[in-house]
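I have placed the structure first, in the form of structure tokens, so that the comments after it can refer back to it.
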Amino acid sequence: MVALPSLKGLQAFEAAARTGSFAAAAEELSVSAAAVSQLIRTVEEQIGRKLFHRVNRRVVLTEAGVEMVPRLTMAFQEIGSVSRELGGDAFRPRLVVSVPPSMAMGWLSRRLTGFVTSHGAVDISLRGDDDPVSFDRELIDIRLSYGPHYREHPTEDIVRDAVYPVCAPRLAHATEPDSLGGLPLIHTDWGPTGASFPSWRNWFEAAGIEPGRAAQRGLSANSSRAALDLAISGLGVALAQGIYCAEAMEDGRLVRPLGRALELRQPYCLTIPERSARRDVVEAFRDWLINECRRAVGSPALR
């Protein structure tokens, strides 16, 4: 029989080529970056060909490496398929998902059961991150953000949301036609580093109503989720994003005391780095997440 190169070495090479770095491959394989480097050197010595050019701290695939990657990826996918059929989980996929903190706190975490049920077992790391994020350092596979922050990676606009005046049903009865009847307002302030969130002053101006002092008074929260919870608790009227408030409006916890909505200035965008784009689990999660976002923003309760 022809002597075969180290299987662990081939696995380390395939992971490094697919993820784009020794550090990412080490994280995936639960070994050190130095171990990944040594395993790849062993394979290079065994086959007598260089697979990576080592330039300073960067590694670039050689022609031989480029030729080997797709064939090895298919081979390991097949091994993973056999393993799953036999009941093993050695190749159980891992997915790192990064979203704004308000989306991680409740909205997405409650929906993940649907993805796992339809897709099967997968190890998911759900991160609530403010922009900017580091895709390589944090090994992020997919990032949902408000606004196009990451055009250096493949990015797509998936949905444009709006904000709606919402409050608990018992407060809605106190409103007057074309006004808020002196009800307390709930303000959202994403802070100096956050994107500009529509203010109550913006809403009053769009509605052709003199804002007066009411535009500055009331409660204030530094996240969309917190502002929404305050409104559900009956503490005032919030300007809530449709993607977050649709569910509470569908089940009657919130109502719209006034009909006017105010479109957000930027779309929600989905970014997937090239090292992750070819993974089946990433593609499946992308399709599922886009569908969930569009379903929420398109809820009949918001019309």
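Letters A, B, ... mark the chains of the structure tokens in the order given; residue numbers begin at 1 per chain; ligand numbers begin at 1, in order shown.
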
Practice task
Excluding segment 39-54 of chain A and residues on its chain fewer than 5 positions from it, collect all residues at most 10 Å away from it, counting only C-alpha atoms, and give them as a PyMOL selection string.
Solution key: chain A and resi 3-14+16-17+22+33-34+59-69

Exercise for the section: Write out as an MDAnalysis selection string all residues of segment 36-241 of chain A that backbone DSSP assigns to strand (DSSP E). Expected result: chainID A and resid 52:55 58:61 94:99 123:128 142:146 155:159 162:166 185:188 219:221 237:241

Practice task
Would you list the contacts of Gly128 of chain A as a count of residues only, taking every protein, DNA or RNA residue within 7 Å and counting only C-alpha atoms, but skipping same-chain residues closer than 6 positions in sequence?
Solution key: 5

Exercise for the section: Could you please write out, as a ChimeraX atom specification, every residue of segment 75-268 of chain A that DSSP assigns to alpha helix (DSSP H)? Expected result: /A:75-85,101-102,108-119,169-172,200-207,224-232,242-250

Practice task
Would you list the contacts of Asp287 of chain A as a ChimeraX atom specification, taking every protein, DNA or RNA residue within 12 Å and counting only C-alpha atoms, but skipping same-chain residues closer than 3 positions in sequence?
Solution key: /A:115,119,142,158,270,280-284,290-294
